[in-house]
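Asker: Could you have a look at this structure, given as structure tokens, before my questions?
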Amino acid sequence: MTPDEPVRIPIEDSLDLHAFAPRDIPSVVEEYLEAARARGFSEVRLVHGRGIGTQRAIVQSLLARHPLVASYADAPPERGGHGATIVRLRPPVRPGTRRRGSGGG
């Protein structure tokens, strides 16, 4: 594999971010969320580790403004505590339906 070759990650209900450089975290998380929702996941877990909180801050900053994210929170202790974030994804919009708050009247 060359350095410019994309990394293929399995789309499961959890993604361990330890293998990625902090600069790559936003794009990795973005692509993972899109793929996870396409696969039908309504909740995923992002494992960023405890450390000094840099990766957690990067992840949660992205989640705060991501359109696919309904909510997020630190994982419960048995699922990683402060070292992981649980993300609830918005359900897909079915064709012919409208999101609440989008126009109308």
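Identifiers for the structure tokens are assigned positionally: chains receive A, B, ... in sequence, residues are indexed from 1 per chain, and ligands are indexed from 1 in the order shown.
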I'd like the neighbourhood of His18 of chain A as a list in words, where a residue qualifies if any of its atoms comes within 8 Å (using only C-alpha atoms), though same-chain residues fewer than 2 positions away should be ignored.
Answerer: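 Once the nearby chain positions are removed, what remains is Asp16, Phe20, Ala21, Val47, His48 and Gly49 of chain A.
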Asker: Using the selection just defined, write its residues with N, CA and C atoms as a short mmCIF file (atom, residue, chain, number, x, y, z; two decimals), in the first residue's frame.
Answerer:
```cif
data_model
loop_
_atom_site.label_atom_id
_atom_site.label_comp_id
_atom_site.auth_asym_id
_atom_site.auth_seq_id
_atom_site.Cartn_x
_atom_site.Cartn_y
_atom_site.Cartn_z
N ASP A 16 -12.37 2.17 15.99
CA ASP A 16 -11.24 2.52 16.84
C ASP A 16 -10.36 3.50 16.08
N PHE A 20 -5.25 6.23 13.58
CA PHE A 20 -5.25 7.39 12.68
C PHE A 20 -4.57 8.60 13.32
N ALA A 21 -3.89 9.37 12.48
CA ALA A 21 -3.27 10.60 12.95
C ALA A 21 -4.37 11.63 13.24
N VAL A 47 -14.14 5.08 19.25
CA VAL A 47 -13.16 4.89 20.32
C VAL A 47 -11.97 5.79 20.03
N HIS A 48 -11.78 6.82 20.87
CA HIS A 48 -10.71 7.78 20.65
C HIS A 48 -9.67 7.73 21.75
N GLY A 49 -9.92 7.02 22.82
CA GLY A 49 -8.97 6.91 23.92
C GLY A 49 -9.11 8.06 24.91
#
```
Asker: Which residues, written as a list in words, have at least one atom at most 9 Å from Val59 of chain A, with only C-alpha atoms counted and residues fewer than 6 positions away on the same chain left out?
Answerer: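 Contacts, with the query itself left out: Ile25, Pro26, Val29, Leu46, His48 and Thr85 of chain A.
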Asker: List every residue of segment 7-94 of chain A that DSSP, applied to the backbone of this structure, places in alpha helix (DSSP H), and write the result as a list of chain:residue names.
Answerer: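 DSSP-assigned alpha helix (DSSP H) residues in segment 7-94 of chain A: A:Ile25, A:Pro26, A:Ser27, A:Val28, A:Val29, A:Glu30, A:Glu31, A:Tyr32, A:Leu33, A:Glu34, A:Ala35, A:Ala36, A:Arg37, A:Ala38, A:Thr54, A:Gln55, A:Arg56, A:Ala57, A:Ile58, A:Val59, A:Gln60, A:Ser61, A:Leu62, A:Leu63, A:Ala64, A:Arg65.
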Asker: Would you output that residue set with N, CA and C atoms, as a short mmCIF file (atom, residue, chain, number, x, y, z; two decimals), in the first residue's frame?
Answerer:
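What landed in result.cif:
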```
data_model
loop_
_atom_site.label_atom_id
_atom_site.label_comp_id
_atom_site.auth_asym_id
_atom_site.auth_seq_id
_atom_site.Cartn_x
_atom_site.Cartn_y
_atom_site.Cartn_z
N ILE A 25 -8.46 12.42 11.50
CA ILE A 25 -9.67 12.05 12.24
C ILE A 25 -10.94 12.66 11.64
N PRO A 26 -10.99 13.96 11.33
CA PRO A 26 -12.24 14.51 10.78
C PRO A 26 -12.72 13.80 9.51
N SER A 27 -11.82 13.57 8.57
CA SER A 27 -12.26 12.93 7.32
C SER A 27 -12.63 11.46 7.56
N VAL A 28 -11.90 10.77 8.42
CA VAL A 28 -12.21 9.37 8.73
C VAL A 28 -13.59 9.27 9.38
N VAL A 29 -13.84 10.10 10.37
CA VAL A 29 -15.13 10.06 11.08
C VAL A 29 -16.27 10.43 10.13
N GLU A 30 -16.07 11.45 9.33
CA GLU A 30 -17.09 11.88 8.37
C GLU A 30 -17.49 10.73 7.44
N GLU A 31 -16.50 10.10 6.84
CA GLU A 31 -16.77 9.00 5.91
C GLU A 31 -17.39 7.80 6.64
N TYR A 32 -16.90 7.53 7.83
CA TYR A 32 -17.44 6.41 8.62
C TYR A 32 -18.92 6.63 8.95
N LEU A 33 -19.29 7.84 9.38
CA LEU A 33 -20.69 8.12 9.72
C LEU A 33 -21.60 7.94 8.51
N GLU A 34 -21.16 8.42 7.37
CA GLU A 34 -21.96 8.26 6.15
C GLU A 34 -22.13 6.79 5.78
N ALA A 35 -21.04 6.03 5.87
CA ALA A 35 -21.11 4.60 5.53
C ALA A 35 -21.93 3.83 6.55
N ALA A 36 -21.80 4.18 7.83
CA ALA A 36 -22.56 3.48 8.88
C ALA A 36 -24.06 3.72 8.69
N ARG A 37 -24.44 4.94 8.40
CA ARG A 37 -25.86 5.21 8.19
C ARG A 37 -26.36 4.50 6.94
N ALA A 38 -25.55 4.47 5.88
CA ALA A 38 -25.93 3.77 4.66
C ALA A 38 -26.14 2.28 4.93
N THR A 54 -7.28 15.20 23.26
CA THR A 54 -7.20 15.85 21.95
C THR A 54 -8.12 15.17 20.94
N GLN A 55 -8.02 13.85 20.83
CA GLN A 55 -8.85 13.14 19.84
C GLN A 55 -10.33 13.27 20.19
N ARG A 56 -10.65 13.18 21.48
CA ARG A 56 -12.04 13.31 21.92
C ARG A 56 -12.58 14.68 21.52
N ALA A 57 -11.80 15.73 21.71
CA ALA A 57 -12.23 17.08 21.35
C ALA A 57 -12.44 17.21 19.84
N ILE A 58 -11.54 16.63 19.05
CA ILE A 58 -11.68 16.67 17.59
C ILE A 58 -12.97 15.98 17.18
N VAL A 59 -13.18 14.77 17.72
CA VAL A 59 -14.36 13.97 17.37
C VAL A 59 -15.64 14.70 17.78
N GLN A 60 -15.71 15.16 19.01
CA GLN A 60 -16.96 15.75 19.48
C GLN A 60 -17.24 17.11 18.83
N SER A 61 -16.21 17.83 18.44
CA SER A 61 -16.40 19.08 17.71
C SER A 61 -17.04 18.80 16.35
N LEU A 62 -16.57 17.77 15.67
CA LEU A 62 -17.14 17.40 14.38
C LEU A 62 -18.58 16.92 14.56
N LEU A 63 -18.84 16.10 15.58
CA LEU A 63 -20.18 15.56 15.80
C LEU A 63 -21.19 16.67 16.10
N ALA A 64 -20.75 17.72 16.78
CA ALA A 64 -21.64 18.82 17.17
C ALA A 64 -22.26 19.52 15.97
N ARG A 65 -21.59 19.46 14.83
CA ARG A 65 -22.11 20.17 13.66
C ARG A 65 -22.42 19.26 12.47
#
```
Asker: Determine which residues of segment 34-70 of chain A DSSP labels as strand (DSSP E or B) from the backbone of this structure, then write them out as a list in words.
Answerer: Glu43, Val44, Arg45, Leu46, Val47, Val69 and Ala70 of chain A
Asker: Store the residues picked out above, limited to N, CA and C atoms, as a PDB file, in the first residue's frame.
Answerer:
```pdb
ATOM      1  N   GLU A  43     -26.888   3.677  15.746  1.00  0.00           N
ATOM      2  CA  GLU A  43     -25.960   4.081  16.802  1.00  0.00           C
ATOM      3  C   GLU A  43     -24.599   3.461  16.523  1.00  0.00           C
ATOM      4  N   VAL A  44     -23.550   4.251  16.726  1.00  0.00           N
ATOM      5  CA  VAL A  44     -22.182   3.758  16.570  1.00  0.00           C
ATOM      6  C   VAL A  44     -21.343   4.254  17.743  1.00  0.00           C
ATOM      7  N   ARG A  45     -20.197   3.622  17.922  1.00  0.00           N
ATOM      8  CA  ARG A  45     -19.278   4.014  18.998  1.00  0.00           C
ATOM      9  C   ARG A  45     -17.945   4.373  18.360  1.00  0.00           C
ATOM     10  N   LEU A  46     -17.436   5.556  18.685  1.00  0.00           N
ATOM     11  CA  LEU A  46     -16.131   6.007  18.214  1.00  0.00           C
ATOM     12  C   LEU A  46     -15.167   5.917  19.390  1.00  0.00           C
ATOM     13  N   VAL A  47     -14.137   5.085  19.252  1.00  0.00           N
ATOM     14  CA  VAL A  47     -13.157   4.888  20.320  1.00  0.00           C
ATOM     15  C   VAL A  47     -11.968   5.793  20.030  1.00  0.00           C
ATOM     16  N   VAL A  69     -25.828  13.474  12.646  1.00  0.00           N
ATOM     17  CA  VAL A  69     -25.787  13.170  14.077  1.00  0.00           C
ATOM     18  C   VAL A  69     -27.009  13.747  14.791  1.00  0.00           C
ATOM     19  N   ALA A  70     -27.774  12.846  15.427  1.00  0.00           N
ATOM     20  CA  ALA A  70     -28.920  13.273  16.235  1.00  0.00           C
ATOM     21  C   ALA A  70     -28.443  13.673  17.622  1.00  0.00           C
TER      22      ALA A  70
END
```
Asker: Considering only C-alpha atoms, can you say which of A:Asp24, A:Arg50, A:Pro77, A:Gly40 comes closest to Leu89 of chain A?
Answerer: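 The closest residue to Leu89 of chain A is A:Gly40.
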Asker: State, in Å with one decimal place, the distance from atom CA of Val87 of chain A to atom CA of Arg39 of chain A.
Answerer: 14.9 Å
Asker: Report the distance between atom CA of Pro22 of chain A and atom CA of Gly51 of chain A in Å, rounded to one decimal place.
Answerer: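 Interatomic distance, atom CA of Pro22 of chain A to atom CA of Gly51 of chain A: 12.7 Å.
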